[in-house]
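Here is run-v5.cif, consisting of mmCIF, C-alpha atoms and all ligand atoms:
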data_query
loop_
_atom_site.label_atom_id
_atom_site.label_comp_id
_atom_site.auth_asym_id
_atom_site.auth_seq_id
_atom_site.Cartn_x
_atom_site.Cartn_y
_atom_site.Cartn_z
CA MET A 1 -26.29 -129.52 -102.57
CA SER A 2 -27.32 -128.02 -105.91
CA GLY A 3 -25.82 -129.32 -109.17
CA GLU A 4 -23.77 -132.45 -109.51
CA ILE A 5 -20.48 -132.78 -107.68
CA SER A 6 -17.85 -134.74 -109.62
CA VAL A 7 -16.11 -137.39 -107.54
CA LYS A 8 -12.66 -138.92 -107.92
CA ILE A 9 -11.92 -142.11 -106.03
CA CYS A 10 -8.14 -142.36 -105.71
CA GLY A 11 -5.86 -145.28 -104.93
CA LEU A 12 -7.97 -148.07 -106.37
CA THR A 13 -6.23 -151.44 -106.45
CA ALA A 14 -8.99 -154.06 -106.78
CA PRO A 15 -11.80 -154.79 -109.25
CA ASP A 16 -14.60 -154.83 -106.64
CA ALA A 17 -13.81 -151.32 -105.44
CA LEU A 18 -13.31 -150.07 -108.99
CA LEU A 19 -16.72 -151.42 -109.94
CA ALA A 20 -18.31 -149.84 -106.85
CA ALA A 21 -16.83 -146.47 -107.81
CA VAL A 22 -18.00 -146.70 -111.43
CA ASP A 23 -21.47 -148.01 -110.54
CA ALA A 24 -21.99 -145.26 -107.96
CA GLY A 25 -21.12 -142.60 -110.52
CA ALA A 26 -17.47 -141.62 -109.98
CA ARG A 27 -16.24 -139.26 -112.74
CA TYR A 28 -12.57 -140.11 -112.15
CA VAL A 29 -10.73 -143.18 -110.86
CA GLY A 30 -7.15 -142.84 -109.64
CA PHE A 31 -4.26 -145.29 -109.69
CA VAL A 32 -1.20 -144.63 -107.52
CA PHE A 33 2.30 -145.26 -108.87
CA PHE A 34 4.51 -144.67 -105.86
CA PRO A 35 6.25 -147.73 -104.45
CA LYS A 36 6.19 -146.55 -100.81
CA SER A 37 2.40 -146.34 -100.90
CA PRO A 38 0.09 -149.15 -99.72
CA ARG A 39 -1.93 -148.28 -102.85
CA HIS A 40 0.96 -148.66 -105.28
CA LEU A 41 0.23 -150.51 -108.50
CA GLU A 42 2.64 -151.94 -111.01
CA PRO A 43 1.77 -150.73 -114.52
CA ALA A 44 0.63 -154.19 -115.67
CA ALA A 45 -1.86 -154.45 -112.80
CA ALA A 46 -3.11 -150.95 -113.55
CA ARG A 47 -3.58 -151.88 -117.20
CA ASP A 48 -5.88 -154.76 -116.16
CA LEU A 49 -7.95 -152.48 -113.94
CA ALA A 50 -8.02 -149.69 -116.54
CA SER A 51 -9.47 -152.10 -119.08
CA GLN A 52 -12.58 -152.37 -116.87
CA VAL A 53 -13.25 -148.62 -116.76
CA PRO A 54 -16.07 -147.50 -119.07
CA VAL A 55 -15.76 -144.60 -121.49
CA GLY A 56 -16.75 -141.39 -119.72
CA VAL A 57 -14.90 -142.20 -116.50
CA ALA A 58 -11.42 -140.65 -116.51
CA LYS A 59 -8.49 -142.87 -115.57
CA VAL A 60 -5.98 -140.80 -113.61
CA ALA A 61 -2.38 -141.82 -112.88
CA LEU A 62 -0.90 -140.37 -109.71
CA THR A 63 2.88 -140.02 -109.82
CA VAL A 64 5.43 -138.31 -107.56
CA ASP A 65 8.37 -136.52 -109.18
CA ALA A 66 8.44 -139.16 -111.91
CA THR A 67 11.18 -139.10 -114.53
CA ASP A 68 10.47 -139.13 -118.25
CA ALA A 69 11.62 -142.77 -118.38
CA GLU A 70 9.13 -143.73 -115.67
CA LEU A 71 6.31 -141.84 -117.33
CA ASP A 72 7.21 -143.32 -120.74
CA ARG A 73 6.94 -146.83 -119.30
CA LEU A 74 3.67 -146.06 -117.55
CA LEU A 75 2.02 -144.55 -120.59
CA GLU A 76 3.24 -147.31 -122.89
CA THR A 77 1.52 -149.85 -120.63
CA VAL A 78 -1.61 -148.22 -119.20
CA PRO A 79 -4.33 -146.39 -121.17
CA LEU A 80 -4.72 -143.17 -119.19
CA ASP A 81 -6.75 -139.99 -119.48
CA MET A 82 -5.01 -137.68 -117.02
CA LEU A 83 -1.79 -137.34 -115.01
CA GLN A 84 -1.93 -136.21 -111.38
CA LEU A 85 1.43 -134.82 -110.26
CA HIS A 86 1.72 -135.19 -106.52
CA GLY A 87 5.35 -134.36 -105.86
CA LYS A 88 7.47 -131.23 -105.90
CA GLU A 89 7.20 -130.77 -109.67
CA SER A 90 7.99 -127.15 -110.61
CA PRO A 91 5.65 -125.18 -112.90
CA ALA A 92 8.21 -125.69 -115.70
CA ARG A 93 8.19 -129.46 -115.14
CA VAL A 94 4.37 -129.53 -115.16
CA ALA A 95 4.37 -127.68 -118.49
CA GLU A 96 7.01 -130.05 -119.87
CA ILE A 97 5.03 -133.17 -118.91
CA ARG A 98 1.83 -131.72 -120.33
CA SER A 99 3.46 -130.99 -123.66
CA ARG A 100 5.47 -134.24 -123.84
CA TYR A 101 2.52 -136.57 -123.25
CA GLY A 102 -0.40 -134.54 -124.59
CA LEU A 103 -2.58 -135.48 -121.63
CA PRO A 104 -4.36 -133.15 -119.21
CA VAL A 105 -2.32 -132.63 -116.09
CA MET A 106 -3.62 -132.03 -112.58
CA LYS A 107 -1.13 -130.56 -110.09
CA ALA A 108 -1.59 -131.30 -106.40
CA ILE A 109 -1.07 -128.31 -104.12
CA GLY A 110 -0.59 -128.91 -100.42
CA ILE A 111 -2.27 -126.45 -98.09
CA ALA A 112 -1.51 -125.96 -94.42
CA ASP A 113 -1.91 -122.20 -94.05
CA ALA A 114 -2.71 -119.06 -96.03
CA ALA A 115 0.84 -118.74 -97.37
CA ASP A 116 0.38 -121.97 -99.31
CA LEU A 117 -2.44 -120.48 -101.37
CA ALA A 118 0.06 -118.59 -103.56
CA ALA A 119 0.83 -121.84 -105.38
CA ILE A 120 -2.70 -121.82 -106.79
CA ASP A 121 -1.85 -118.84 -109.02
CA LEU A 122 1.59 -120.20 -109.84
CA TYR A 123 0.29 -123.51 -111.19
CA SER A 124 -2.86 -122.09 -112.80
CA ASP A 125 -0.67 -120.99 -115.73
CA VAL A 126 0.49 -124.51 -116.54
CA ALA A 127 -1.89 -127.17 -115.20
CA ASP A 128 -5.28 -128.16 -116.61
CA GLN A 129 -6.69 -128.79 -113.15
CA LEU A 130 -5.57 -128.29 -109.55
CA LEU A 131 -5.98 -130.68 -106.65
CA ILE A 132 -6.18 -128.67 -103.46
CA ASP A 133 -5.05 -131.12 -100.79
CA ALA A 134 -3.78 -131.09 -97.21
CA LYS A 135 -0.03 -130.54 -96.94
CA PRO A 136 1.53 -133.73 -95.58
CA PRO A 137 2.97 -133.61 -92.08
CA ARG A 138 6.74 -133.06 -91.85
CA ASN A 139 8.51 -136.44 -92.19
CA ALA A 140 5.39 -138.16 -93.54
CA ASP A 141 6.16 -141.21 -95.67
CA LEU A 142 3.58 -140.18 -98.25
CA PRO A 143 3.14 -136.78 -99.89
CA GLY A 144 -0.63 -137.42 -100.03
CA GLY A 145 -3.26 -139.95 -99.14
CA ASN A 146 -2.74 -139.34 -95.42
CA GLY A 147 -6.41 -138.87 -94.54
CA LEU A 148 -5.76 -135.40 -93.15
CA ALA A 149 -7.95 -132.38 -93.76
CA PHE A 150 -6.76 -128.77 -93.90
CA ASP A 151 -8.67 -125.77 -92.63
CA TRP A 152 -11.39 -125.41 -95.28
CA ARG A 153 -12.02 -121.82 -94.14
CA LEU A 154 -8.86 -120.94 -96.11
CA LEU A 155 -10.86 -121.46 -99.31
CA ALA A 156 -14.15 -120.02 -98.13
CA GLY A 157 -14.99 -116.88 -100.07
CA ARG A 158 -12.55 -117.54 -102.90
CA LYS A 159 -14.73 -116.82 -105.93
CA TYR A 160 -12.28 -116.68 -108.78
CA TRP A 161 -10.46 -119.81 -109.95
CA ARG A 162 -8.63 -119.83 -113.26
CA ARG A 163 -8.69 -123.62 -113.50
CA PRO A 164 -11.09 -126.38 -112.55
CA TRP A 165 -10.09 -127.74 -109.17
CA MET A 166 -10.81 -130.60 -106.77
CA LEU A 167 -10.93 -130.54 -103.02
CA ALA A 168 -8.99 -133.35 -101.31
CA GLY A 169 -7.58 -134.31 -97.94
CA GLY A 170 -9.33 -136.17 -95.17
CA LEU A 171 -12.71 -136.29 -96.85
CA THR A 172 -15.16 -138.97 -95.70
CA PRO A 173 -18.80 -139.88 -96.32
CA ASP A 174 -19.58 -137.95 -93.11
CA ASN A 175 -17.78 -134.67 -93.80
CA VAL A 176 -17.91 -134.24 -97.58
CA VAL A 177 -21.18 -132.29 -97.56
CA GLU A 178 -19.81 -129.77 -95.07
CA ALA A 179 -16.52 -129.54 -96.99
CA VAL A 180 -18.35 -128.70 -100.20
CA ARG A 181 -20.58 -126.20 -98.43
CA MET A 182 -17.63 -124.37 -96.91
CA THR A 183 -15.34 -124.31 -99.93
CA GLY A 184 -17.73 -124.22 -102.89
CA ALA A 185 -15.89 -127.16 -104.45
CA ARG A 186 -17.59 -128.75 -107.46
CA GLN A 187 -15.19 -131.69 -107.54
CA VAL A 188 -13.93 -133.81 -104.65
CA ASP A 189 -11.26 -136.47 -104.30
CA VAL A 190 -11.00 -139.17 -101.63
CA SER A 191 -8.75 -142.07 -100.77
CA SER A 192 -8.28 -142.95 -97.06
CA GLY A 193 -11.84 -141.96 -96.17
CA VAL A 194 -13.28 -144.82 -98.21
CA GLU A 195 -10.89 -147.48 -96.90
CA SER A 196 -11.28 -150.15 -94.20
CA ALA A 197 -7.48 -150.29 -93.74
CA PRO A 198 -4.59 -148.46 -95.46
CA GLY A 199 -4.73 -149.42 -99.11
CA VAL A 200 -7.94 -151.48 -98.79
CA LYS A 201 -10.90 -149.74 -100.39
CA ASP A 202 -14.34 -150.49 -98.94
CA PRO A 203 -17.03 -150.67 -101.66
CA ALA A 204 -19.77 -149.71 -99.18
CA ARG A 205 -17.89 -146.59 -98.11
CA ILE A 206 -17.24 -145.64 -101.74
CA GLU A 207 -20.95 -145.90 -102.43
CA ALA A 208 -21.80 -143.92 -99.27
CA PHE A 209 -19.31 -141.19 -100.19
CA ILE A 210 -20.69 -140.72 -103.68
CA ARG A 211 -24.27 -140.88 -102.43
CA ALA A 212 -23.50 -138.15 -99.92
CA THR A 213 -22.47 -135.80 -102.72
CA ARG A 214 -25.77 -136.28 -104.59
O1 LIG A 301 -2.57 -142.41 -101.79
C1 LIG A 301 -1.35 -142.50 -101.72
O2 LIG A 301 -0.81 -143.48 -101.20
C2 LIG A 301 -0.50 -141.40 -102.24
C3 LIG A 301 0.87 -141.59 -102.34
C4 LIG A 301 1.68 -140.58 -102.82
C5 LIG A 301 1.14 -139.37 -103.18
C6 LIG A 301 -0.23 -139.16 -103.08
C7 LIG A 301 -1.05 -140.17 -102.62
N1 LIG A 301 -2.40 -140.00 -102.52
C8 LIG A 301 -3.09 -138.81 -102.86
C9 LIG A 301 -4.55 -139.04 -102.80
O3 LIG A 301 -5.02 -140.13 -102.78
C10 LIG A 301 -5.50 -137.96 -102.85
O4 LIG A 301 -5.35 -137.37 -104.11
C11 LIG A 301 -5.45 -136.97 -101.71
O5 LIG A 301 -4.19 -136.81 -101.15
C12 LIG A 301 -6.45 -137.29 -100.64
O6 LIG A 301 -6.10 -138.38 -99.90
P1 LIG A 301 -6.91 -138.73 -98.55
O7 LIG A 301 -6.68 -137.66 -97.57
O8 LIG A 301 -6.35 -140.03 -98.14
O9 LIG A 301 -8.35 -138.84 -98.95
#

Can the structure in the file be given as structure tokens, please?
Amino acid sequence: MSGEISVKICGLTAPDALLAAVDAGARYVGFVFFPKSPRHLEPAAARDLASQVPVGVAKVALTVDATDAELDRLLETVPLDMLQLHGKESPARVAEIRSRYGLPVMKAIGIADAADLAAIDLYSDVADQLLIDAKPPRNADLPGGNGLAFDWRLLAGRKYWRRPWMLAGGLTPDNVVEAVRMTGARQVDVSSGVESAPGVKDPARIEAFIRATR
């Protein structure tokens, strides 16, 4: 692959995995604030992890349809660099959050088929970045982090993006090179694919994933 691919390791919950991500060269580290998730962190625990992240690595908070009160509490407790909105937030709500907190906002867009691509234009007006992820299965407990890929051919040939974007959904150390080749992504995001069990990050897989992108 030519040029450096930026990597986000999402759903970190433990210092060893955080360190593995930082040492291997992750550009972003993600913390999940969604109680139903096996990766959920309480704000105080996230603050302790965030304090170990060096300058230059962006600390991203993943929330799902969070209220202002929830976001206020989170941001009062945890030093963060970016908000990842992974629910059904409307474009107006994305704009509101961006202006209220003054942080860059990344909106997750779930893709299952070509009709879902319209959301890319819709959110390009209001979000700083887009996370192009697999749409969760109907009745899934989690709106993301399901380890499922979408059909990358849907993005092949798309040359014009108005915002920086990340590819996500079912990426692993074994398929990330092919995913980047097919989609032209310059940034990738992974959670399940670097775990040994749901919610348990594997430092060796994190290192292998980032190495694969180099
Ligand atoms: O990870 C979670 O538990 C989670 C919960 C609620 C909303 C989103 C969640 N995760 C999103 C991600 O970790 C990633 O940004 C993305 O969906 C890729 O996940 P994966 O397919 O597991 O690599």

Residues contacting ligand LIG 301 (chain A) - anything with an atom at most 8 Å away, using all atoms listed in the file - can you give me those as a VMD selection string?
chain A and resid 9 to 11 30 32 to 34 36 to 40 62 to 64 86 to 87 108 131 133 to 134 142 to 149 168 to 172 189 to 194 199

A:Leu154, A:Ala127, A:Ala208, A:Leu80: which is nearest Ala115 of chain A, counting all atoms listed in the file?
A:Leu154

Residues near Glu76 of chain A, anyone? I mean within 12 Å using all atoms listed in the file, not counting same-chain ones fewer than 2 positions away, as a PyMOL selection string.
chain A and resi 43-44+46-47+68-74+78-80+101

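If you count only C-alpha atoms and draw a sphere of 6 Å around (-9.0, -139.5, -111.1), the protein and nucleic acid residues inside it come out as Lys8, Tyr28, Val29, Gly30, Lys59 and Val60 of chain A.
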
Could you give me, as a PDB file with C-alpha atoms, keeping the file's coordinate frame, the residues within 9 Å of Gly184 of chain A, counting only C-alpha atoms and dropping anything in the same chain fewer than 2 positions from it?
ATOM      1  CA  LEU A 155     -10.860-121.460 -99.310  1.00  0.00           C
ATOM      2  CA  ALA A 156     -14.150-120.020 -98.130  1.00  0.00           C
ATOM      3  CA  GLY A 157     -14.990-116.880-100.070  1.00  0.00           C
ATOM      4  CA  ARG A 158     -12.550-117.540-102.900  1.00  0.00           C
ATOM      5  CA  LYS A 159     -14.730-116.820-105.930  1.00  0.00           C
ATOM      6  CA  ALA A 179     -16.520-129.540 -96.990  1.00  0.00           C
ATOM      7  CA  VAL A 180     -18.350-128.700-100.200  1.00  0.00           C
ATOM      8  CA  ARG A 181     -20.580-126.200 -98.430  1.00  0.00           C
ATOM      9  CA  MET A 182     -17.630-124.370 -96.910  1.00  0.00           C
ATOM     10  CA  ARG A 186     -17.590-128.750-107.460  1.00  0.00           C
TER      11      ARG A 186
END

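Across A:Pro173, A:Pro203, A:Gly110, A:Pro104, the tightest approach to Lys135 of chain A is made by A:Gly110 when counting only C-alpha atoms.
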
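The gap separating atom CA of Gly56 of chain A from atom CA of Pro35 of chain A is 28.3 Å, in Å to one decimal.
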
Once 5 Å is added on each side, what are the centre and the three edge lengths, in Å to one decimal, of the axis-aligned box enclosing the listed atoms of segment 133-141 of chain A? Present them as JSON.
{"center_x": 1.7, "center_y": -135.9, "center_z": -96.3, "size_x": 23.6, "size_y": 20.7, "size_z": 18.9}

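Atom CA of Ile5 of chain A sits 12.4 Å away from atom CA of Pro164 of chain A.
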
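Take the candidates A:Ser196, A:Val188, A:Val94, A:Ala61 and check each one against Ile210 of chain A using all atoms listed in the file; the shortest distance goes to A:Val188.
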
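Checking A:Asp81, A:Asp16, A:Glu178, A:Asp128 one by one against Arg162 of chain A, counting all atoms listed in the file, you find the shortest gap at A:Asp128.
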
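Restricting the calculation to all atoms listed in the file, the smallest distance between Gly102 of chain A and any of A:Met82, A:Leu167, A:Ala50, A:Ala119 is found for A:Met82.
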
Counting all atoms listed in the file, the option among A:Ala66, A:Leu130, A:Leu18, A:Ala185 closest to Ser51 of chain A
A:Leu18

In Å and to one decimal, atom CA of Leu49 of chain A is distant from atom CA of Ala24 of chain A by 16.9 Å
